[in-house]
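upload_24.tsv follows (TSV, C-alpha atoms):
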chain	number	residue	atom	x	y	z
A	1	MET	CA	16.31	-28.53	-7.65
A	2	GLU	CA	16.40	-30.77	-10.70
A	3	LYS	CA	18.47	-29.64	-13.68
A	4	TYR	CA	16.59	-29.27	-16.94
A	5	ASP	CA	17.76	-29.44	-20.54
A	6	PHE	CA	17.64	-25.91	-21.97
A	7	ASN	CA	17.78	-27.31	-25.49
A	8	ASP	CA	14.50	-29.10	-24.86
A	9	ARG	CA	12.06	-26.26	-25.41
A	10	PHE	CA	8.72	-25.65	-27.10
A	11	ILE	CA	8.04	-22.18	-28.47
A	12	LEU	CA	4.77	-21.68	-30.32
A	13	ASN	CA	5.13	-19.87	-33.66
A	14	LEU	CA	2.20	-17.56	-34.27
A	15	ASP	CA	0.67	-17.14	-37.71
A	16	THR	CA	-1.74	-14.49	-36.41
A	17	PRO	CA	-1.25	-10.68	-36.45
A	18	GLU	CA	1.47	-9.83	-33.95
A	19	ALA	CA	1.80	-6.72	-31.82
A	20	LEU	CA	5.42	-7.28	-30.83
A	21	ARG	CA	8.19	-9.84	-31.08
A	22	THR	CA	11.69	-10.33	-29.75
A	23	HIS	CA	14.54	-12.05	-31.53
A	24	ASP	CA	17.63	-13.35	-29.72
A	25	LEU	CA	17.08	-10.95	-26.81
A	26	HIS	CA	19.82	-10.97	-24.17
A	27	VAL	CA	20.03	-8.87	-21.02
A	28	TRP	CA	23.18	-8.60	-18.91
A	29	TYR	CA	23.48	-7.04	-15.47
A	30	GLY	CA	27.25	-6.63	-15.44
A	31	ASN	CA	28.59	-10.17	-15.99
A	32	ASN	CA	25.29	-11.81	-15.09
A	33	GLU	CA	23.29	-12.86	-18.15
A	34	ALA	CA	19.71	-12.50	-16.91
A	35	ILE	CA	18.00	-13.16	-20.27
A	36	LYS	CA	19.59	-15.66	-22.62
A	37	GLY	CA	18.40	-15.23	-26.18
A	38	VAL	CA	14.60	-15.13	-25.99
A	39	ASP	CA	12.49	-15.36	-29.16
A	40	LEU	CA	8.79	-14.66	-28.54
A	41	GLN	CA	5.84	-13.32	-30.52
A	42	PHE	CA	2.83	-11.61	-28.96
A	43	GLU	CA	-0.55	-11.75	-30.69
A	44	LYS	CA	-2.54	-8.55	-31.04
A	45	ASN	CA	-5.49	-8.03	-28.71
A	46	LYS	CA	-4.64	-10.99	-26.53
A	47	ILE	CA	-3.33	-11.37	-22.99
A	48	THR	CA	0.00	-13.14	-22.59
A	49	SER	CA	1.22	-14.15	-19.14
A	50	LEU	CA	4.90	-14.54	-18.30
A	51	ILE	CA	5.35	-17.02	-15.45
A	52	GLY	CA	8.29	-18.58	-13.63
A	53	ALA	CA	9.99	-18.72	-10.25
A	54	SER	CA	11.57	-15.65	-8.65
A	55	GLY	CA	14.79	-14.81	-10.49
A	56	SER	CA	13.74	-16.62	-13.68
A	57	GLY	CA	13.99	-13.41	-15.74
A	58	LYS	CA	10.34	-12.74	-16.47
A	59	SER	CA	10.26	-9.19	-15.06
A	60	THR	CA	13.63	-8.33	-16.61
A	61	TYR	CA	12.28	-9.48	-19.96
A	62	LEU	CA	9.05	-7.51	-19.55
A	63	ARG	CA	10.92	-4.32	-18.67
A	64	SER	CA	13.06	-4.74	-21.77
A	65	LEU	CA	9.99	-4.50	-23.99
A	66	ASN	CA	9.79	-0.74	-23.50
A	67	ARG	CA	13.43	-0.29	-22.50
A	68	MET	CA	12.88	0.21	-18.79
A	69	ASN	CA	16.24	-1.48	-18.20
A	70	ASP	CA	18.09	1.29	-20.05
A	71	GLY	CA	18.79	3.43	-17.00
A	72	ILE	CA	20.18	0.64	-14.82
A	73	SER	CA	23.94	0.94	-14.40
A	74	GLY	CA	25.92	-1.90	-15.98
A	75	THR	CA	22.94	-3.22	-17.96
A	76	LYS	CA	23.36	-4.27	-21.58
A	77	VAL	CA	20.49	-5.38	-23.82
A	78	THR	CA	21.19	-6.99	-27.20
A	79	GLY	CA	18.95	-8.51	-29.83
A	80	GLU	CA	15.84	-7.18	-31.51
A	81	ILE	CA	12.51	-5.95	-30.15
A	82	ILE	CA	10.30	-5.55	-33.20
A	83	TYR	CA	7.28	-3.24	-33.02
A	84	LYS	CA	5.56	-2.30	-36.30
A	85	GLU	CA	8.59	-3.70	-38.12
A	86	VAL	CA	10.95	-1.30	-36.32
A	87	ASP	CA	13.64	-2.55	-33.95
A	88	ILE	CA	12.89	-0.41	-30.92
A	89	ASN	CA	16.07	-1.65	-29.24
A	90	ALA	CA	18.11	0.33	-31.79
A	91	PRO	CA	20.11	3.29	-30.37
A	92	ALA	CA	18.42	5.84	-32.65
A	93	VAL	CA	14.91	5.11	-31.33
A	94	ASP	CA	13.26	7.89	-29.30
A	95	VAL	CA	12.50	5.96	-26.11
A	96	TYR	CA	9.98	8.50	-24.80
A	97	GLU	CA	8.04	8.49	-28.06
A	98	MET	CA	8.10	4.68	-28.12
A	99	ARG	CA	6.66	4.52	-24.59
A	100	LYS	CA	3.53	6.32	-25.81
A	101	HIS	CA	2.85	3.13	-27.79
A	102	ILE	CA	4.04	0.62	-25.18
A	103	GLY	CA	2.78	1.61	-21.72
A	104	MET	CA	3.68	0.11	-18.37
A	105	VAL	CA	2.00	-0.50	-15.01
A	106	PHE	CA	4.18	-1.52	-12.08
A	107	GLN	CA	3.85	-3.97	-9.23
A	108	ARG	CA	2.86	-1.47	-6.57
A	109	PRO	CA	0.33	1.26	-7.33
A	110	ASN	CA	2.25	4.51	-7.89
A	111	PRO	CA	-0.26	7.31	-8.43
A	112	PHE	CA	1.11	10.86	-8.47
A	113	SER	CA	0.37	12.91	-5.36
A	114	LYS	CA	-2.16	14.87	-7.40
A	115	SER	CA	-5.90	14.64	-7.96
A	116	ILE	CA	-7.47	11.70	-9.79
A	117	TYR	CA	-8.14	14.02	-12.73
A	118	GLU	CA	-4.57	15.32	-12.82
A	119	ASN	CA	-3.10	11.82	-12.66
A	120	ILE	CA	-4.66	11.10	-16.02
A	121	THR	CA	-4.23	14.50	-17.66
A	122	PHE	CA	-0.66	15.21	-16.54
A	123	ALA	CA	1.09	13.38	-19.39
A	124	LEU	CA	-1.54	14.47	-21.91
A	125	LYS	CA	-0.91	18.13	-21.07
A	126	ARG	CA	2.84	17.55	-21.29
A	127	HIS	CA	2.25	16.31	-24.82
A	128	GLY	CA	0.37	19.45	-25.80
A	129	ILE	CA	-3.28	18.54	-25.24
A	130	LYS	CA	-4.89	21.63	-23.68
A	131	ASP	CA	-8.55	21.35	-24.75
A	132	LYS	CA	-10.46	20.98	-21.48
A	133	LYS	CA	-13.41	19.24	-23.12
A	134	LEU	CA	-11.12	16.69	-24.77
A	135	LEU	CA	-9.22	16.14	-21.53
A	136	ALA	CA	-12.48	15.58	-19.65
A	137	GLU	CA	-13.59	13.06	-22.29
A	138	ILE	CA	-10.31	11.15	-22.02
A	139	VAL	CA	-10.54	11.10	-18.22
A	140	GLU	CA	-14.06	9.67	-18.37
A	141	THR	CA	-13.26	7.14	-21.10
A	142	THR	CA	-10.12	5.79	-19.47
A	143	LEU	CA	-11.67	5.57	-16.02
A	144	LYS	CA	-14.57	3.64	-17.52
A	145	GLN	CA	-12.15	1.31	-19.29
A	146	ALA	CA	-10.38	0.77	-15.97
A	147	ALA	CA	-13.74	0.07	-14.25
A	148	LEU	CA	-13.23	3.00	-11.88
A	149	TRP	CA	-15.49	5.76	-13.23
A	150	ASP	CA	-18.59	4.96	-11.20
A	151	GLN	CA	-16.58	4.98	-7.96
A	152	VAL	CA	-14.73	8.27	-8.51
A	153	LYS	CA	-16.79	10.40	-10.94
A	154	ASP	CA	-17.99	12.70	-8.13
A	155	ASN	CA	-14.51	13.03	-6.60
A	156	LEU	CA	-12.22	13.64	-9.57
A	157	HIS	CA	-10.43	16.48	-7.79
A	158	GLN	CA	-9.79	14.43	-4.68
A	159	SER	CA	-6.20	13.23	-4.08
A	160	ALA	CA	-5.47	9.91	-5.78
A	161	LEU	CA	-3.66	8.90	-2.59
A	162	ALA	CA	-7.03	8.71	-0.80
A	163	LEU	CA	-8.08	5.77	-2.99
A	164	SER	CA	-7.78	2.16	-1.85
A	165	GLY	CA	-4.86	0.09	-3.14
A	166	GLY	CA	-7.00	-1.63	-5.75
A	167	GLN	CA	-8.50	1.66	-6.90
A	168	GLN	CA	-5.02	3.20	-7.13
A	169	GLN	CA	-3.84	0.34	-9.33
A	170	ARG	CA	-6.83	0.74	-11.65
A	171	LEU	CA	-6.10	4.48	-11.75
A	172	CYS	CA	-2.54	3.64	-12.82
A	173	ILE	CA	-3.99	1.46	-15.60
A	174	ALA	CA	-6.27	4.34	-16.65
A	175	ARG	CA	-3.26	6.69	-16.62
A	176	ALA	CA	-1.28	4.31	-18.81
A	177	ILE	CA	-4.04	3.88	-21.40
A	178	ALA	CA	-4.79	7.64	-21.54
A	179	MET	CA	-1.87	7.89	-23.97
A	180	LYS	CA	-3.64	5.31	-26.16
A	181	PRO	CA	-0.79	2.79	-26.33
A	182	ASP	CA	-1.04	-0.30	-28.50
A	183	ILE	CA	0.54	-2.49	-25.85
A	184	LEU	CA	0.15	-2.52	-22.08
A	185	LEU	CA	2.88	-4.14	-19.97
A	186	LEU	CA	2.04	-5.03	-16.37
A	187	ASP	CA	4.55	-6.31	-13.81
A	188	GLU	CA	2.62	-8.31	-11.18
A	189	PRO	CA	-0.06	-5.61	-10.98
A	190	ALA	CA	-2.18	-7.43	-8.41
A	191	SER	CA	0.51	-8.85	-6.11
A	192	ALA	CA	-0.03	-6.14	-3.47
A	193	LEU	CA	-3.84	-6.32	-3.63
A	194	ASP	CA	-6.51	-8.22	-1.72
A	195	PRO	CA	-8.55	-10.91	-3.55
A	196	ILE	CA	-11.52	-8.63	-4.33
A	197	SER	CA	-9.29	-5.89	-5.77
A	198	THR	CA	-7.33	-8.53	-7.68
A	199	SER	CA	-10.54	-9.82	-9.23
A	200	LYS	CA	-11.51	-6.31	-10.35
A	201	VAL	CA	-8.09	-5.71	-11.91
A	202	GLU	CA	-8.37	-9.04	-13.75
A	203	GLU	CA	-11.84	-8.14	-15.06
A	204	THR	CA	-10.42	-4.80	-16.24
A	205	LEU	CA	-7.58	-6.48	-18.14
A	206	VAL	CA	-9.91	-8.95	-19.87
A	207	GLN	CA	-12.04	-6.03	-21.07
A	208	LEU	CA	-9.00	-4.03	-22.16
A	209	LYS	CA	-7.79	-6.67	-24.61
A	210	GLU	CA	-10.56	-5.57	-26.97
A	211	ASP	CA	-8.46	-2.44	-27.58
A	212	TYR	CA	-4.97	-3.32	-26.36
A	213	THR	CA	-2.42	-6.10	-26.39
A	214	VAL	CA	-1.68	-7.02	-22.77
A	215	ILE	CA	1.54	-8.64	-21.52
A	216	ILE	CA	1.58	-9.44	-17.81
A	217	VAL	CA	4.12	-10.90	-15.41
A	218	THR	CA	2.38	-12.86	-12.68
A	219	HIS	CA	3.50	-15.23	-9.93
A	220	ASN	CA	-0.13	-16.32	-9.52
A	221	MET	CA	-0.77	-19.50	-11.50
A	222	GLN	CA	-4.54	-19.21	-11.10
A	223	GLN	CA	-4.44	-15.65	-12.41
A	224	ALA	CA	-2.49	-16.67	-15.50
A	225	ALA	CA	-4.91	-19.54	-16.13
A	226	ARG	CA	-7.96	-17.31	-15.63
A	227	ILE	CA	-7.14	-14.32	-17.81
A	228	SER	CA	-4.45	-15.10	-20.37
A	229	ASP	CA	-4.68	-16.48	-23.88
A	230	TYR	CA	-0.99	-17.41	-24.07
A	231	THR	CA	1.57	-18.23	-21.39
A	232	ALA	CA	5.38	-18.24	-21.50
A	233	PHE	CA	7.24	-20.20	-18.83
A	234	PHE	CA	10.61	-18.68	-17.91
A	235	TYR	CA	13.35	-20.68	-16.23
A	236	SER	CA	16.87	-19.39	-15.52
A	237	GLY	CA	16.68	-16.60	-18.11
A	238	GLN	CA	15.20	-18.69	-20.90
A	239	VAL	CA	11.73	-19.53	-22.15
A	240	ILE	CA	11.27	-23.27	-21.79
A	241	GLU	CA	7.72	-23.36	-23.14
A	242	TYR	CA	5.37	-20.90	-24.84
A	243	ASP	CA	1.91	-22.03	-25.86
A	244	LEU	CA	-1.79	-21.46	-25.47
A	245	THR	CA	-2.53	-21.05	-21.78
A	246	ALA	CA	-4.88	-24.03	-21.74
A	247	ASN	CA	-2.07	-26.26	-23.01
A	248	ILE	CA	0.49	-24.93	-20.52
A	249	PHE	CA	-1.76	-25.73	-17.57
A	250	THR	CA	-3.38	-28.97	-18.73
A	251	GLN	CA	-0.89	-30.66	-21.05
A	252	PRO	CA	2.53	-28.99	-20.97
A	253	GLN	CA	5.04	-30.50	-23.34
A	254	LYS	CA	8.14	-30.01	-21.18
A	255	LYS	CA	8.94	-31.58	-17.83
A	256	ALA	CA	10.19	-28.31	-16.34
A	257	THR	CA	6.89	-26.61	-17.19
A	258	ASN	CA	4.88	-29.46	-15.75
A	259	ASP	CA	6.94	-29.45	-12.55
A	260	TYR	CA	6.45	-25.71	-12.14
A	261	VAL	CA	2.72	-25.47	-12.80
A	262	SER	CA	2.07	-28.52	-10.62
A	263	GLY	CA	3.96	-26.91	-7.71
A	264	HIS	CA	7.07	-29.10	-7.60
A	265	PHE	CA	9.33	-26.04	-7.52
A	266	GLY	CA	9.10	-22.28	-7.52
Whole structure given in structure tokens:
Amino acid sequence: MEKYDFNDRFILNLDTPEALRTHDLHVWYGNNEAIKGVDLQFEKNKITSLIGASGSGKSTYLRSLNRMNDGISGTKVTGEIIYKEVDINAPAVDVYEMRKHIGMVFQRPNPFSKSIYENITFALKRHGIKDKKLLAEIVETTLKQAALWDQVKDNLHQSALALSGGQQQRLCIARAIAMKPDILLLDEPASALDPISTSKVEETLVQLKEDYTVIIVTHNMQQAARISDYTAFFYSGQVIEYDLTANIFTQPQKKATNDYVSGHFG
């Protein structure tokens, strides 16, 4: 594969309201530096896609944004992750409290082996919400936001494991937004789904940006082009180019970006 100049980068500076930003973010797995000083800003109520070849660091970076890398042995994360002007990478930050504001949906659907209703109410009850009417309202609202309500409203006490893969993933999105986070992180949420389910998840995410800031890792170029407002191209632990999605896919400024989106590597 061709070698690219890491000093030759284009990173868009936003002058719009931001939901989150990182400054000089590094992630080490032991002696391996997986993320090498990434500075990015994420605009509120927009979808940002993180793209790049396998091993480029995009998922590692995403997981850092709500400190999912913390529990991995030998991992060290340095630099700043600024949310509401607080560095949430600081040791004193309550990680569990922070994750109420920055939710996450993983690559493979992982519903609890409980009913559809209990999947959504479990965390709410753990946080002290006991009012049955309020819980029922949240279940309905979040399932509607995840475009799942009409399919499951008559079977809320059925096991979530009986749902199709696409329905399970939308249930996981509903579960994540039940806590009313500001930011929703998704790590290749449609990679295990068929095209019809993928399309429904994409429609859900586009609707959700009215209320949430969405940051998504995707290996699917067409998906990034279809749903995201901004795109960051990762290569070997660095962001080579970050711009409006339309620019990334039609007139990228860097050769590495152009080679990747045109299929020359990856």
One number please: atom CA of Met221 of chain A to atom CA of Ile11 of chain A, in Å, one decimal.
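For atom CA of Met221 of chain A relative to atom CA of Ile11 of chain A, the distance reads 19.3 Å.
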Residue nearest Asp182 of chain A among A:Ala225, A:Ile72, A:Ile88, A:Leu208 (counting all atoms listed in the file)
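Ranking A:Ala225, A:Ile72, A:Ile88, A:Leu208 by distance to Asp182 of chain A, first place goes to A:Leu208.
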Considering only C-alpha atoms, can you say which of A:Gln238, A:Asn89, A:Asn110, A:Asn7 comes closest to Arg175 of chain A?
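The answer is A:Asn110, which sits nearest to Arg175 of chain A.
Here the question is which of A:Leu40, A:Leu143, A:Leu148, A:Ala123 gets nearest to Lys200 of chain A using all atoms listed in the file, and that residue is A:Leu148.
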Between atom CA of Thr245 of chain A and atom CA of Asp229 of chain A, what distance in Å does the model show, to one decimal?
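For atom CA of Thr245 of chain A relative to atom CA of Asp229 of chain A, the distance reads 5.5 Å.
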In Å to one decimal, how far is atom CA of Thr60 of chain A from atom CA of Glu80 of chain A?
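Atom CA of Thr60 of chain A lies at a distance of 15.1 Å from atom CA of Glu80 of chain A.
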So that I can check the surroundings of Leu171 of chain A, please list as an MDAnalysis selection string every protein, DNA and RNA residue that reaches within 12 Å of it, counting only C-alpha atoms and ignoring chain neighbours fewer than 5 positions away.
chainID A and resid 105:106 108:112 114:121 139:140 142:149 151:152 156 159:166 176:178 189 201 204
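Minimum atom-to-atom distance to Thr48 of chain A, evaluated using only C-alpha atoms, belongs to A:Leu20 out of A:Asp150, A:Leu20, A:Thr78, A:Lys255.
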Find the axis-aligned box for segment 27-33 of chain A, covering all its listed atoms and adding 8 Å on each side, and write its centre and edge lengths in Å to one decimal as AutoDock Vina command-line options.
--center_x 24.3 --center_y -9.7 --center_z -18.1 --size_x 24.6 --size_y 22.2 --size_z 21.9
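Of the residues listed (A:Gln253, A:Thr218, A:Ser56, A:Gln107), A:Gln107 shows the shortest atom-to-atom separation from Gln169 of chain A; distances use all atoms listed in the file.
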Pick from A:Lys44, A:Lys209, A:His264, A:Arg99 nearest to Leu65 of chain A, counting all atoms listed in the file
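Selected residue with least distance to Leu65 of chain A: A:Arg99.
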Write out N, CA and C atoms for segment 20-34 of chain A, as a tab-separated table (two decimals), in the frame of the given file.
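Below is the file out_22.tsv, written as the result:
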chain	number	residue	atom	x	y	z
A	20	LEU	N	4.03	-7.46	-31.23
A	20	LEU	CA	5.42	-7.28	-30.83
A	20	LEU	C	6.12	-8.63	-30.91
A	21	ARG	N	7.41	-8.60	-31.16
A	21	ARG	CA	8.19	-9.84	-31.08
A	21	ARG	C	9.62	-9.51	-30.67
A	22	THR	N	10.27	-10.48	-30.05
A	22	THR	CA	11.69	-10.33	-29.75
A	22	THR	C	12.46	-11.43	-30.45
A	23	HIS	N	13.67	-11.07	-30.85
A	23	HIS	CA	14.54	-12.05	-31.53
A	23	HIS	C	15.91	-12.03	-30.87
A	24	ASP	N	16.30	-13.18	-30.32
A	24	ASP	CA	17.63	-13.35	-29.72
A	24	ASP	C	17.91	-12.25	-28.68
A	25	LEU	N	16.93	-12.01	-27.80
A	25	LEU	CA	17.08	-10.95	-26.81
A	25	LEU	C	17.90	-11.44	-25.62
A	26	HIS	N	18.95	-10.68	-25.32
A	26	HIS	CA	19.82	-10.97	-24.17
A	26	HIS	C	19.85	-9.74	-23.28
A	27	VAL	N	19.85	-9.96	-21.97
A	27	VAL	CA	20.03	-8.87	-21.02
A	27	VAL	C	21.12	-9.27	-20.03
A	28	TRP	N	22.12	-8.40	-19.91
A	28	TRP	CA	23.18	-8.60	-18.91
A	28	TRP	C	23.08	-7.53	-17.83
A	29	TYR	N	23.22	-7.95	-16.57
A	29	TYR	CA	23.48	-7.04	-15.47
A	29	TYR	C	24.95	-7.25	-15.10
A	30	GLY	N	25.82	-6.39	-15.61
A	30	GLY	CA	27.25	-6.63	-15.44
A	30	GLY	C	27.63	-7.93	-16.14
A	31	ASN	N	28.20	-8.88	-15.40
A	31	ASN	CA	28.59	-10.17	-15.99
A	31	ASN	C	27.50	-11.22	-15.89
A	32	ASN	N	26.39	-10.86	-15.26
A	32	ASN	CA	25.29	-11.81	-15.09
A	32	ASN	C	24.33	-11.72	-16.28
A	33	GLU	N	24.22	-12.82	-17.01
A	33	GLU	CA	23.29	-12.86	-18.15
A	33	GLU	C	21.91	-13.26	-17.63
A	34	ALA	N	21.03	-12.26	-17.51
A	34	ALA	CA	19.71	-12.50	-16.91
A	34	ALA	C	18.71	-13.05	-17.91
